[in-house]
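Visitor: Hey, dropping my_file-v9.cif in here, mmCIF, C-alpha atoms (C1' of nucleotides):
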data_entry
#
loop_
_atom_site.group_PDB
_atom_site.id
_atom_site.type_symbol
_atom_site.label_atom_id
_atom_site.label_comp_id
_atom_site.auth_asym_id
_atom_site.auth_seq_id
_atom_site.Cartn_x
_atom_site.Cartn_y
_atom_site.Cartn_z
ATOM 1 C CA MET A 162 99.546 53.998 73.697
ATOM 2 C CA THR A 163 97.038 51.826 75.418
ATOM 3 C CA PRO A 164 97.902 48.120 75.754
ATOM 4 C CA ALA A 165 94.735 47.067 73.914
ATOM 5 C CA ALA A 166 95.728 49.040 70.848
ATOM 6 C CA THR A 167 99.237 47.683 70.462
ATOM 7 C CA ALA A 168 98.640 45.474 67.435
ATOM 8 C CA ALA A 169 98.411 47.675 64.359
ATOM 9 C CA GLY A 170 94.872 48.312 63.110
ATOM 10 C CA THR A 171 93.273 46.692 66.127
ATOM 11 C CA ARG A 172 91.662 49.770 67.572
ATOM 12 C CA ASP A 173 88.156 48.415 67.747
ATOM 13 C CA LEU A 174 85.146 50.524 68.445
ATOM 14 C CA PRO A 175 82.165 49.408 70.525
ATOM 15 C CA HIS A 176 79.153 48.482 68.430
ATOM 16 C CA PRO A 177 75.828 47.110 69.636
ATOM 17 C CA ALA A 178 75.159 43.550 68.551
ATOM 18 C CA ARG A 179 72.288 43.058 66.152
ATOM 19 C CA GLU A 180 69.947 41.946 68.931
ATOM 20 C CA GLU A 181 70.800 44.994 70.985
ATOM 21 C CA ILE A 182 69.623 47.487 68.381
ATOM 22 C CA ARG A 183 66.486 49.297 69.581
ATOM 23 C CA LEU A 184 63.952 50.855 67.292
ATOM 24 C CA GLU A 185 63.690 53.927 69.487
ATOM 25 C CA GLY A 186 67.439 54.443 69.277
ATOM 26 C CA VAL A 187 67.413 54.151 65.500
ATOM 27 C CA LEU A 188 64.583 56.653 65.207
ATOM 28 C CA HIS A 189 66.301 59.028 67.563
ATOM 29 C CA ALA A 190 69.523 58.785 65.584
ATOM 30 C CA LEU A 191 67.680 59.549 62.367
ATOM 31 C CA SER A 192 65.696 62.443 63.808
ATOM 32 C CA ASP A 193 68.648 64.826 63.446
ATOM 33 C CA PRO A 194 69.000 66.479 60.030
ATOM 34 C CA VAL A 195 72.794 66.099 59.949
ATOM 35 C CA ARG A 196 72.633 62.406 60.762
ATOM 36 C CA LEU A 197 69.750 61.749 58.400
ATOM 37 C CA ARG A 198 71.816 63.244 55.634
ATOM 38 C CA ILE A 199 74.816 61.099 56.508
ATOM 39 C CA VAL A 200 72.684 57.984 56.329
ATOM 40 C CA ARG A 201 71.179 59.065 53.028
ATOM 41 C CA ASP A 202 74.653 59.506 51.578
ATOM 42 C CA LEU A 203 75.826 56.168 52.947
ATOM 43 C CA ALA A 204 72.788 54.436 51.480
ATOM 44 C CA VAL A 205 73.710 55.441 47.935
ATOM 45 C CA ASP A 206 76.037 52.459 47.996
ATOM 46 C CA SER A 207 75.462 50.297 51.032
ATOM 47 C CA ASP A 208 78.421 48.048 50.286
ATOM 48 C CA GLU A 209 80.878 50.896 50.070
ATOM 49 C CA LEU A 210 82.737 52.422 52.982
ATOM 50 C CA PHE A 211 83.164 56.160 53.306
ATOM 51 C CA SER A 212 85.576 58.075 55.496
ATOM 52 C CA CYS A 213 84.229 60.744 57.820
ATOM 53 C CA SER A 214 85.863 63.460 55.741
ATOM 54 C CA TYR A 215 83.994 62.291 52.652
ATOM 55 C CA PHE A 216 80.910 64.097 53.901
ATOM 56 C CA ASP A 217 80.488 67.819 53.486
ATOM 57 C CA LEU A 218 78.637 68.722 56.656
ATOM 58 C CA PRO A 219 77.761 72.171 57.978
ATOM 59 C CA VAL A 220 79.372 71.516 61.360
ATOM 60 C CA THR A 221 82.881 71.309 62.730
ATOM 61 C CA LYS A 222 84.977 68.176 62.937
ATOM 62 C CA SER A 223 84.300 67.551 66.600
ATOM 63 C CA THR A 224 80.569 67.829 66.063
ATOM 64 C CA THR A 225 80.900 65.450 63.147
ATOM 65 C CA THR A 226 82.616 62.961 65.433
ATOM 66 C CA HIS A 227 79.715 63.280 67.848
ATOM 67 C CA HIS A 228 77.101 62.552 65.172
ATOM 68 C CA PHE A 229 78.980 59.532 63.847
ATOM 69 C CA ARG A 230 79.212 58.165 67.338
ATOM 70 C CA VAL A 231 75.467 58.510 67.870
ATOM 71 C CA LEU A 232 74.882 56.638 64.626
ATOM 72 C CA ARG A 233 77.323 53.921 65.632
ATOM 73 C CA GLU A 234 75.992 53.483 69.161
ATOM 74 C CA SER A 235 72.423 53.226 67.916
ATOM 75 C CA GLY A 236 73.450 50.486 65.508
ATOM 76 C CA VAL A 237 72.787 52.350 62.279
ATOM 77 C CA ILE A 238 76.361 52.378 60.988
ATOM 78 C CA ARG A 239 79.501 50.358 61.468
ATOM 79 C CA GLN A 240 82.828 52.108 61.898
ATOM 80 C CA THR A 241 86.230 50.578 61.306
ATOM 81 C CA TYR A 242 89.679 52.051 61.277
ATOM 82 C CA ARG A 243 91.737 51.885 58.134
ATOM 83 C CA GLY A 244 95.043 53.521 58.722
ATOM 84 C CA THR A 245 94.427 57.048 59.849
ATOM 85 C CA ALA A 246 90.955 57.153 58.367
ATOM 86 C CA LYS A 247 87.774 55.858 59.942
ATOM 87 C CA MET A 248 85.511 54.158 57.455
ATOM 88 C CA ASN A 249 81.748 54.183 57.793
ATOM 89 C CA GLY A 250 79.183 51.826 56.349
ATOM 90 C CA LEU A 251 75.460 51.293 56.782
ATOM 91 C CA ARG A 252 74.462 48.205 58.781
ATOM 92 C CA ARG A 253 71.849 47.404 56.209
ATOM 93 C CA GLY A 254 71.961 43.665 56.780
ATOM 94 C CA ASP A 255 71.347 43.973 60.489
ATOM 95 C CA LEU A 256 68.641 46.595 60.107
ATOM 96 C CA ASP A 257 66.848 44.705 57.350
ATOM 97 C CA ALA A 258 66.923 41.528 59.409
ATOM 98 C CA LEU A 259 65.526 43.252 62.484
ATOM 99 C CA PHE A 260 63.051 45.574 60.789
ATOM 100 C CA PRO A 261 62.322 44.435 57.229
ATOM 101 C CA GLY A 262 61.410 47.302 54.966
ATOM 102 C CA LEU A 263 61.964 49.996 57.549
ATOM 103 C CA LEU A 264 65.212 51.385 56.198
ATOM 104 C CA ASP A 265 63.866 51.499 52.655
ATOM 105 C CA ALA A 266 60.730 53.273 53.834
ATOM 106 C CA LEU A 267 62.787 55.789 55.796
ATOM 107 C CA LEU A 268 65.116 56.487 52.876
ATOM 108 C CA ALA A 269 62.176 56.836 50.512
ATOM 109 C CA ALA A 270 60.470 59.221 52.921
ATOM 110 C CA ALA A 271 63.613 61.306 53.238
ATOM 111 C CA ALA A 272 64.069 61.436 49.465
ATOM 112 C CA ARG A 273 60.462 62.432 49.029
ATOM 113 C CA GLN A 274 60.778 65.232 51.532
ATOM 114 C CA VAL A 275 63.921 66.552 49.858
ATOM 115 C CA SER A 276 62.269 66.610 46.441
ATOM 116 C CA ARG A 277 59.266 68.336 47.946
ATOM 117 C CA LEU A 278 61.082 71.004 49.937
ATOM 118 C CA GLY A 279 64.305 71.370 48.009
ATOM 119 C CA THR A 280 67.717 70.247 49.213
ATOM 120 C CA GLY A 281 66.993 70.781 52.905
ATOM 121 C CA MET B 216 37.571 82.402 79.809
ATOM 122 C CA THR B 217 39.324 83.468 76.689
ATOM 123 C CA PRO B 218 37.168 85.145 74.005
ATOM 124 C CA ALA B 219 38.186 82.551 71.422
ATOM 125 C CA ALA B 220 36.767 79.750 73.553
ATOM 126 C CA THR B 221 33.369 81.263 74.236
ATOM 127 C CA ALA B 222 31.316 79.087 71.887
ATOM 128 C CA ALA B 223 30.918 75.680 73.471
ATOM 129 C CA GLY B 224 33.213 72.981 72.094
ATOM 130 C CA THR B 225 35.154 75.432 69.945
ATOM 131 C CA ARG B 226 38.435 75.182 71.792
ATOM 132 C CA ASP B 227 40.618 74.364 68.823
ATOM 133 C CA LEU B 228 44.160 73.179 69.109
ATOM 134 C CA PRO B 229 47.018 74.125 66.779
ATOM 135 C CA HIS B 230 47.981 71.400 64.314
ATOM 136 C CA PRO B 231 50.598 71.556 61.560
ATOM 137 C CA ALA B 232 49.145 71.418 58.048
ATOM 138 C CA ARG B 233 50.004 68.354 56.028
ATOM 139 C CA GLU B 234 52.741 70.152 54.090
ATOM 140 C CA GLU B 235 54.325 71.364 57.308
ATOM 141 C CA ILE B 236 54.953 67.903 58.681
ATOM 142 C CA ARG B 237 58.684 67.135 58.767
ATOM 143 C CA LEU B 238 60.157 63.674 58.712
ATOM 144 C CA GLU B 239 62.670 64.550 61.401
ATOM 145 C CA GLY B 240 59.875 65.706 63.664
ATOM 146 C CA VAL B 241 57.924 62.521 63.146
ATOM 147 C CA LEU B 242 60.956 60.383 63.879
ATOM 148 C CA HIS B 243 61.758 62.387 66.971
ATOM 149 C CA ALA B 244 58.193 62.045 68.202
ATOM 150 C CA LEU B 245 58.326 58.297 67.720
ATOM 151 C CA SER B 246 61.749 57.871 69.323
ATOM 152 C CA ASP B 247 60.261 58.025 72.817
ATOM 153 C CA PRO B 248 58.954 54.717 74.203
ATOM 154 C CA VAL B 249 55.867 56.263 75.742
ATOM 155 C CA ARG B 250 54.898 58.009 72.539
ATOM 156 C CA LEU B 251 55.684 55.010 70.368
ATOM 157 C CA ARG B 252 53.336 52.967 72.499
ATOM 158 C CA ILE B 253 50.578 55.565 72.193
ATOM 159 C CA VAL B 254 50.891 55.500 68.428
ATOM 160 C CA ARG B 255 50.848 51.725 68.381
ATOM 161 C CA ASP B 256 47.649 51.692 70.399
ATOM 162 C CA LEU B 257 46.068 54.340 68.194
ATOM 163 C CA ALA B 258 46.989 52.393 65.078
ATOM 164 C CA VAL B 259 44.944 49.377 66.151
ATOM 165 C CA ASP B 260 41.978 51.236 64.720
ATOM 166 C CA SER B 261 43.033 54.300 62.776
ATOM 167 C CA ASP B 262 39.477 55.493 62.269
ATOM 168 C CA GLU B 263 38.613 55.415 65.943
ATOM 169 C CA LEU B 264 39.250 58.216 68.412
ATOM 170 C CA PHE B 265 40.594 57.520 71.874
ATOM 171 C CA SER B 266 40.605 59.761 74.901
ATOM 172 C CA CYS B 267 43.879 60.444 76.683
ATOM 173 C CA SER B 268 42.719 58.432 79.683
ATOM 174 C CA TYR B 269 42.164 55.377 77.513
ATOM 175 C CA PHE B 270 45.891 54.735 77.622
ATOM 176 C CA ASP B 271 47.538 53.117 80.587
ATOM 177 C CA LEU B 272 50.868 54.890 80.673
ATOM 178 C CA PRO B 273 53.605 54.648 83.306
ATOM 179 C CA VAL B 274 53.780 58.421 83.776
ATOM 180 C CA THR B 275 51.710 61.071 85.507
ATOM 181 C CA LYS B 276 48.890 63.023 83.925
ATOM 182 C CA SER B 277 50.940 66.130 83.259
ATOM 183 C CA THR B 278 53.651 64.110 81.561
ATOM 184 C CA THR B 279 50.982 62.414 79.474
ATOM 185 C CA THR B 280 49.725 65.827 78.364
ATOM 186 C CA HIS B 281 53.272 66.695 77.346
ATOM 187 C CA HIS B 282 53.677 63.579 75.211
ATOM 188 C CA PHE B 283 50.345 64.054 73.458
ATOM 189 C CA ARG B 284 51.314 67.608 72.638
ATOM 190 C CA VAL B 285 54.610 66.482 71.110
ATOM 191 C CA LEU B 286 52.709 64.005 68.959
ATOM 192 C CA ARG B 287 50.210 66.638 67.895
ATOM 193 C CA GLU B 288 52.796 69.312 67.102
ATOM 194 C CA SER B 289 54.852 66.897 65.031
ATOM 195 C CA GLY B 290 51.774 66.036 62.976
ATOM 196 C CA VAL B 291 51.446 62.398 64.032
ATOM 197 C CA ILE B 292 48.069 62.677 65.764
ATOM 198 C CA ARG B 293 45.048 64.945 65.625
ATOM 199 C CA GLN B 294 43.402 66.095 68.833
ATOM 200 C CA THR B 295 39.861 67.357 69.201
ATOM 201 C CA TYR B 296 37.787 68.232 72.215
ATOM 202 C CA ARG B 297 34.617 66.325 72.914
ATOM 203 C CA GLY B 298 33.017 67.541 76.073
ATOM 204 C CA THR B 299 35.509 67.141 78.888
ATOM 205 C CA ALA B 300 37.486 64.544 77.035
ATOM 206 C CA LYS B 301 40.144 65.159 74.397
ATOM 207 C CA MET B 302 39.983 62.650 71.597
ATOM 208 C CA ASN B 303 43.076 61.473 69.762
ATOM 209 C CA GLY B 304 43.392 59.932 66.335
ATOM 210 C CA LEU B 305 46.263 58.986 64.047
ATOM 211 C CA ARG B 306 46.759 61.260 61.045
ATOM 212 C CA ARG B 307 47.201 58.241 58.850
ATOM 213 C CA GLY B 308 45.877 59.911 55.721
ATOM 214 C CA ASP B 309 48.320 62.775 55.943
ATOM 215 C CA LEU B 310 51.264 60.597 56.837
ATOM 216 C CA ASP B 311 50.536 58.056 54.117
ATOM 217 C CA ALA B 312 50.223 60.825 51.558
ATOM 218 C CA LEU B 313 53.504 62.420 52.577
ATOM 219 C CA PHE B 314 55.524 59.261 53.223
ATOM 220 C CA PRO B 315 53.875 56.237 51.613
ATOM 221 C CA GLY B 316 54.613 53.039 53.477
ATOM 222 C CA LEU B 317 56.534 54.694 56.277
ATOM 223 C CA LEU B 318 53.918 54.396 58.995
ATOM 224 C CA ASP B 319 53.247 50.757 58.167
ATOM 225 C CA ALA B 320 56.955 49.999 58.229
ATOM 226 C CA LEU B 321 57.345 51.761 61.568
ATOM 227 C CA LEU B 322 54.393 49.955 63.120
ATOM 228 C CA ALA B 323 55.624 46.633 61.789
ATOM 229 C CA ALA B 324 59.088 47.322 63.178
ATOM 230 C CA ALA B 325 57.653 48.226 66.577
ATOM 231 C CA ALA B 326 55.476 45.113 66.628
ATOM 232 C CA ARG B 327 58.451 42.980 65.684
ATOM 233 C CA GLN B 328 60.565 44.436 68.447
ATOM 234 C CA VAL B 329 57.830 43.856 71.018
ATOM 235 C CA SER B 330 57.413 40.223 70.012
ATOM 236 C CA ARG B 331 61.168 39.797 70.139
ATOM 237 C CA LEU B 332 61.820 41.441 73.492
ATOM 238 C CA GLY B 333 58.531 40.967 75.292
ATOM 239 C CA THR B 334 56.052 43.716 76.087
ATOM 240 C CA GLY B 335 58.628 46.454 76.499
ATOM 241 C "C1'" DC C 165 25.041 74.794 93.487
ATOM 242 C "C1'" DG C 166 28.610 71.179 94.696
ATOM 243 C "C1'" DG C 167 31.433 67.831 93.578
ATOM 244 C "C1'" DC C 168 33.665 64.702 90.160
ATOM 245 C "C1'" DT C 169 36.513 63.731 86.210
ATOM 246 C "C1'" DC C 170 39.449 65.027 82.493
ATOM 247 C "C1'" DG C 171 42.827 67.573 81.061
ATOM 248 C "C1'" DT C 172 45.893 72.193 81.135
ATOM 249 C "C1'" DA C 173 49.233 75.592 82.826
ATOM 250 C "C1'" DC C 174 53.038 76.751 85.331
ATOM 251 C "C1'" DG C 175 57.209 76.205 87.732
ATOM 252 C "C1'" DA C 176 61.035 73.347 88.966
ATOM 253 C "C1'" DT C 177 64.630 70.034 88.323
ATOM 254 C "C1'" DA C 178 67.657 66.795 86.411
ATOM 255 C "C1'" DA C 179 69.316 64.872 82.368
ATOM 256 C "C1'" DC C 180 70.436 64.991 77.849
ATOM 257 C "C1'" DT C 181 71.934 67.169 73.219
ATOM 258 C "C1'" DC C 182 74.116 69.997 69.926
ATOM 259 C "C1'" DT C 183 77.588 72.861 69.257
ATOM 260 C "C1'" DC C 184 82.149 74.544 69.621
ATOM 261 C "C1'" DG C 185 87.360 75.224 70.671
ATOM 262 C "C1'" DT C 186 91.522 73.407 72.227
ATOM 263 C "C1'" DA C 187 94.605 69.955 73.001
ATOM 264 C "C1'" DG C 188 96.057 65.465 72.009
ATOM 265 C "C1'" DT C 189 96.748 60.598 69.752
ATOM 266 C "C1'" DA C 190 97.441 57.390 65.772
ATOM 267 C "C1'" DC C 191 99.045 56.526 61.443
ATOM 268 C "C1'" DG C 192 101.543 57.277 57.032
ATOM 269 C "C1'" DG C 193 105.048 59.420 54.405
ATOM 270 C "C1'" DA C 194 109.229 62.506 53.504
ATOM 271 C "C1'" DT D 158 112.745 61.382 63.070
ATOM 272 C "C1'" DC D 159 109.803 64.970 62.065
ATOM 273 C "C1'" DC D 160 105.571 66.665 59.835
ATOM 274 C "C1'" DG D 161 100.902 66.499 58.152
ATOM 275 C "C1'" DT D 162 96.395 64.425 58.051
ATOM 276 C "C1'" DA D 163 92.464 62.254 60.346
ATOM 277 C "C1'" DC D 164 90.129 61.758 64.028
ATOM 278 C "C1'" DT D 165 89.339 61.774 69.393
ATOM 279 C "C1'" DA D 166 88.873 63.423 74.157
ATOM 280 C "C1'" DC D 167 87.735 66.794 77.174
ATOM 281 C "C1'" DG D 168 85.465 70.692 78.818
ATOM 282 C "C1'" DA D 169 82.106 74.211 78.323
ATOM 283 C "C1'" DG D 170 77.932 76.738 76.971
ATOM 284 C "C1'" DA D 171 73.252 77.138 75.347
ATOM 285 C "C1'" DG D 172 69.231 74.928 74.431
ATOM 286 C "C1'" DT D 173 65.843 71.148 74.737
ATOM 287 C "C1'" DT D 174 63.485 67.350 77.036
ATOM 288 C "C1'" DA D 175 61.272 64.271 80.362
ATOM 289 C "C1'" DT D 176 59.521 64.166 84.537
ATOM 290 C "C1'" DC D 177 56.994 65.657 88.455
ATOM 291 C "C1'" DG D 178 53.756 68.312 91.808
ATOM 292 C "C1'" DT D 179 50.457 71.649 92.550
ATOM 293 C "C1'" DA D 180 46.950 74.493 91.239
ATOM 294 C "C1'" DC D 181 43.489 75.569 88.035
ATOM 295 C "C1'" DG D 182 39.549 75.476 84.211
ATOM 296 C "C1'" DA D 183 35.860 73.131 81.551
ATOM 297 C "C1'" DG D 184 32.326 70.197 81.220
ATOM 298 C "C1'" DC D 185 28.979 66.683 83.260
ATOM 299 C "C1'" DC D 186 25.768 64.929 86.768
ATOM 300 C "C1'" DG D 187 23.462 64.607 91.100
#
Spell out the structure here as structure tokens.
Guide:
Amino acid sequence: MTPAATAAGTRDLPHPAREEIRLEGVLHALSDPVRLRIVRDLAVDSDELFSCSYFDLPVTKSTTTHHFRVLRESGVIRQTYRGTAKMNGLRRGDLDALFPGLLDALLAAAARQVSRLGTG
Amino acid sequence: MTPAATAAGTRDLPHPAREEIRLEGVLHALSDPVRLRIVRDLAVDSDELFSCSYFDLPVTKSTTTHHFRVLRESGVIRQTYRGTAKMNGLRRGDLDALFPGLLDALLAAAARQVSRLGTG
DNA sequence: CGGCTCGTACGATAACTCTCGTAGTACGGA
DNA sequence: TCCGTACTACGAGAGTTATCGTACGAGCCG
């Protein structure tokens, strides 16, 4: 056990501060179909937290870990440990403050594309 | 000279049809700083066409060609030959029809980030 | 024709990404 | 204490990307 993680539940994960979030990074994070779908699912209830295993993704667990990390490091989601689970939530407040209307436009565009092409 | 390019000015370039444009592709195209800047410059006047050399980009000519092709193949811009120059224009009509409000939100977000961080 | 400008094509390289499997750690409960 | 669940870390492979340099083609103008 690492010294920094001694106190129970203190395993913190590195997140960019609000001011460090870059538009290019957000767009890159959302340009992958798996990650776009994760964000769409998270956005159904922005105040709720979902564990990684809540999502039914067409990739293995280690790939899932990778995608969640990309989302976290780009500032799109916030991840916190809760016992053995890792809970995920959209950083809607930060994103809306930085880029008003962007997240809504992106989610609307994604929904529109799904209804146009089927559940792709 | 290829047979298809015999008639002067007829060198056509492959563009995706409106229905073929994918949100993920658009986001990926815009997740590169060089390309985001091109689109921002094009959006100043969406009805105008600009030659590739109009832009002052921090990369070589061949890299510039690469970035314009990515933008064209993702459906963000339309390219047409005019004499020795290749003119570029935003496909605002197609994008607005597919994803209403998205392009405006993206441009506003980019402008906001520039004014926050300086001309990066 | 000869040269100039604009842009392309091709090849190369280094870096990054997506994916996986295996092995391992952290936590909660029996 | 031992086991199961949830997730991570590491390493590897295949594919994509961003960048460049050089060489070339297409059109314009003297």
Visitor: Any chance you could resolve the PyMOL selection byres ((chain C) within 9 of (chain A)) against this file and give the residues as a count of residues only?
Guide: 7
Visitor: Adding 8 Å on each side of the box along x, y and z that holds all listed atoms of stretch 195-201 of chain A, could you give its centre and edge lengths in Å to one decimal, as lines of an AutoDock Vina configuration file?
Guide:
center_x = 72.3
center_y = 62.0
center_z = 56.9
size_x = 21.1
size_y = 24.1
size_z = 23.7
Visitor: With the cut-off set at 7 Å and counting only C-alpha atoms, tabulate each residue of chain B with an atom at most that distance from an atom of chain A, showing the nearest atom pair and its distance in Å to one decimal, ordered by chain and increasing number, as a Markdown table.
Guide:
| residue | atom | partner | partner_atom | distance |
| --- | --- | --- | --- | --- |
| B:Leu238 | CA | A:Ala271 | CA | 6.9 |
| B:Glu239 | CA | A:Ser192 | CA | 4.4 |
| B:Gly240 | CA | A:Ser192 | CA | 6.7 |
| B:Leu242 | CA | A:Ser192 | CA | 5.2 |
| B:His243 | CA | A:Ser192 | CA | 5.1 |
| B:Leu245 | CA | A:Leu188 | CA | 6.9 |
| B:Ser246 | CA | A:Glu185 | CA | 4.4 |
| B:Asp247 | CA | A:Glu185 | CA | 6.3 |
| B:Pro248 | CA | A:Glu185 | CA | 6.7 |
| B:Phe314 | CA | A:Ala270 | CA | 5.0 |
| B:Gly316 | CA | A:Ala266 | CA | 6.1 |
| B:Leu317 | CA | A:Ala266 | CA | 5.1 |
| B:Ala320 | CA | A:Leu263 | CA | 5.1 |
| B:Leu321 | CA | A:Leu263 | CA | 6.4 |
| B:Ala324 | CA | A:Phe260 | CA | 4.9 |
| B:Ala325 | CA | A:Leu184 | CA | 6.9 |
Visitor: Suppose we keep C-alpha atoms; can you now write the selection as a CSV table (one decimal), in the coordinates of the input?
Guide:
chain,number,residue,atom,x,y,z
B,238,LEU,CA,60.2,63.7,58.7
B,239,GLU,CA,62.7,64.6,61.4
B,240,GLY,CA,59.9,65.7,63.7
B,242,LEU,CA,61.0,60.4,63.9
B,243,HIS,CA,61.8,62.4,67.0
B,245,LEU,CA,58.3,58.3,67.7
B,246,SER,CA,61.7,57.9,69.3
B,247,ASP,CA,60.3,58.0,72.8
B,248,PRO,CA,59.0,54.7,74.2
B,314,PHE,CA,55.5,59.3,53.2
B,316,GLY,CA,54.6,53.0,53.5
B,317,LEU,CA,56.5,54.7,56.3
B,320,ALA,CA,57.0,50.0,58.2
B,321,LEU,CA,57.3,51.8,61.6
B,324,ALA,CA,59.1,47.3,63.2
B,325,ALA,CA,57.7,48.2,66.6
Visitor: Write down, as a PyMOL selection string, each residue of chain D that has any atom within 12 Å of an atom of chain B, counting only C-alpha atoms (C1' of nucleotides).
Guide: chain D and resi 174-179+182-185
Visitor: What gap, in Å, lies between atom CA of B:Arg307 and atom CA of B:Ile292?
Guide: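 Going from atom CA of B:Arg307 over to atom CA of B:Ile292 covers 8.3 Å.
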Visitor: Fit chain A to chain B, all Cα atoms paired in order, least squares. Then write it as a compact mmCIF listing (two decimals) with C-alpha atoms, in the frame of the given file.
Guide:
# COMPACT_ATOMS: atom_id res chain seq x y z
CA MET A 162 37.17 82.35 79.77
CA THR A 163 39.06 83.51 76.76
CA PRO A 164 37.05 85.27 74.03
CA ALA A 165 38.15 82.74 71.40
CA ALA A 166 36.68 79.88 73.38
CA THR A 167 33.24 81.34 73.94
CA ALA A 168 31.31 79.15 71.52
CA ALA A 169 30.87 75.72 73.08
CA GLY A 170 33.23 73.05 71.76
CA THR A 171 35.29 75.52 69.78
CA ARG A 172 38.49 75.21 71.72
CA ASP A 173 40.72 74.39 68.81
CA LEU A 174 44.24 73.16 69.16
CA PRO A 175 47.10 74.13 66.85
CA HIS A 176 48.01 71.40 64.39
CA PRO A 177 50.60 71.55 61.62
CA ALA A 178 49.13 71.42 58.14
CA ARG A 179 49.95 68.36 56.10
CA GLU A 180 52.67 70.18 54.16
CA GLU A 181 54.27 71.37 57.37
CA ILE A 182 54.90 67.89 58.73
CA ARG A 183 58.64 67.15 58.80
CA LEU A 184 60.10 63.69 58.71
CA GLU A 185 62.63 64.56 61.38
CA GLY A 186 59.86 65.70 63.69
CA VAL A 187 57.90 62.50 63.16
CA LEU A 188 60.95 60.37 63.87
CA HIS A 189 61.76 62.37 66.95
CA ALA A 190 58.21 62.00 68.21
CA LEU A 191 58.35 58.26 67.71
CA SER A 192 61.77 57.84 69.31
CA ASP A 193 60.29 57.97 72.82
CA PRO A 194 59.01 54.65 74.18
CA VAL A 195 55.90 56.19 75.75
CA ARG A 196 54.92 57.95 72.55
CA LEU A 197 55.70 54.97 70.36
CA ARG A 198 53.36 52.93 72.49
CA ILE A 199 50.61 55.52 72.22
CA VAL A 200 50.89 55.47 68.45
CA ARG A 201 50.86 51.69 68.38
CA ASP A 202 47.66 51.67 70.41
CA LEU A 203 46.07 54.33 68.22
CA ALA A 204 46.98 52.38 65.09
CA VAL A 205 44.93 49.37 66.17
CA ASP A 206 41.96 51.24 64.77
CA SER A 207 43.01 54.30 62.84
CA ASP A 208 39.45 55.51 62.34
CA GLU A 209 38.62 55.43 66.01
CA LEU A 210 39.25 58.23 68.47
CA PHE A 211 40.60 57.54 71.93
CA SER A 212 40.61 59.81 74.95
CA CYS A 213 43.87 60.49 76.74
CA SER A 214 42.70 58.51 79.75
CA TYR A 215 42.14 55.44 77.58
CA PHE A 216 45.86 54.76 77.67
CA ASP A 217 47.50 53.11 80.64
CA LEU A 218 50.85 54.85 80.71
CA PRO A 219 53.58 54.61 83.34
CA VAL A 220 53.74 58.37 83.83
CA THR A 221 51.64 61.01 85.51
CA LYS A 222 48.85 62.97 83.88
CA SER A 223 50.92 66.07 83.27
CA THR A 224 53.64 64.04 81.59
CA THR A 225 50.98 62.37 79.50
CA THR A 226 49.77 65.78 78.38
CA HIS A 227 53.32 66.63 77.37
CA HIS A 228 53.71 63.50 75.24
CA PHE A 229 50.39 64.01 73.49
CA ARG A 230 51.37 67.54 72.68
CA VAL A 231 54.65 66.42 71.13
CA LEU A 232 52.74 63.94 68.99
CA ARG A 233 50.25 66.60 67.95
CA GLU A 234 52.84 69.27 67.16
CA SER A 235 54.86 66.86 65.05
CA GLY A 236 51.77 66.01 63.04
CA VAL A 237 51.45 62.38 64.07
CA ILE A 238 48.07 62.66 65.80
CA ARG A 239 45.07 64.93 65.68
CA GLN A 240 43.44 66.09 68.89
CA THR A 241 39.91 67.38 69.24
CA TYR A 242 37.84 68.27 72.24
CA ARG A 243 34.65 66.41 72.90
CA GLY A 244 33.06 67.73 76.02
CA THR A 245 35.53 67.40 78.83
CA ALA A 246 37.51 64.71 77.07
CA LYS A 247 40.20 65.21 74.46
CA MET A 248 40.02 62.67 71.68
CA ASN A 249 43.09 61.47 69.84
CA GLY A 250 43.39 59.92 66.41
CA LEU A 251 46.25 58.99 64.11
CA ARG A 252 46.75 61.26 61.09
CA ARG A 253 47.16 58.24 58.91
CA GLY A 254 45.83 59.92 55.78
CA ASP A 255 48.26 62.80 56.01
CA LEU A 256 51.22 60.60 56.88
CA ASP A 257 50.47 58.08 54.15
CA ALA A 258 50.13 60.85 51.60
CA LEU A 259 53.42 62.45 52.60
CA PHE A 260 55.44 59.29 53.24
CA PRO A 261 53.78 56.26 51.63
CA GLY A 262 54.53 53.07 53.48
CA LEU A 263 56.48 54.71 56.26
CA LEU A 264 53.88 54.41 59.00
CA ASP A 265 53.22 50.77 58.16
CA ALA A 266 56.93 50.01 58.20
CA LEU A 267 57.34 51.76 61.54
CA LEU A 268 54.40 49.94 63.10
CA ALA A 269 55.64 46.62 61.76
CA ALA A 270 59.11 47.31 63.13
CA ALA A 271 57.70 48.20 66.53
CA ALA A 272 55.54 45.07 66.60
CA ARG A 273 58.50 42.96 65.61
CA GLN A 274 60.64 44.41 68.36
CA VAL A 275 57.93 43.80 70.96
CA SER A 276 57.54 40.17 69.93
CA ARG A 277 61.30 39.76 70.01
CA LEU A 278 61.97 41.40 73.37
CA GLY A 279 58.69 40.89 75.17
CA THR A 280 56.20 43.62 76.00
CA GLY A 281 58.80 46.37 76.36
Visitor: If you measure from atom CA of B:Asp271 to atom CA of B:Asp256, what distance in Å do you get, rounded to one decimal?
Guide: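 Pair atom CA of B:Asp271 / atom CA of B:Asp256 returns 10.3 Å.
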Visitor: Could you state the separation of atom CA of A:Asn249 and atom C1' of D:DG168 in Å, given to one decimal place?
Guide: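 These two atoms are separated by 27.0 Å.
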Visitor: Env of A:Ser214: 10 Å cut, atoms = only C-alpha atoms (C1' of nucleotides), seq-sep filter 4 positions within chain, self excluded. Answer as a ChimeraX atom specification.
Guide: /A:218,222,225,246-248 /D:163-164
Visitor: Run through the PyMOL selection byres ((chain B and resi 229) around 9) on the given coordinates and return the selected residues as an mmCIF file with C-alpha atoms, keeping the file's coordinate frame.
Guide:
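In the end it all went to result14.cif:
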data_model
loop_
_atom_site.group_PDB
_atom_site.id
_atom_site.type_symbol
_atom_site.label_atom_id
_atom_site.label_comp_id
_atom_site.auth_asym_id
_atom_site.auth_seq_id
_atom_site.Cartn_x
_atom_site.Cartn_y
_atom_site.Cartn_z
ATOM 1 C CA ASP B 227 40.618 74.364 68.823
ATOM 2 C CA LEU B 228 44.160 73.179 69.109
ATOM 3 C CA HIS B 230 47.981 71.400 64.314
ATOM 4 C CA PRO B 231 50.598 71.556 61.560
ATOM 5 C CA ARG B 287 50.210 66.638 67.895
ATOM 6 C CA GLU B 288 52.796 69.312 67.102
#
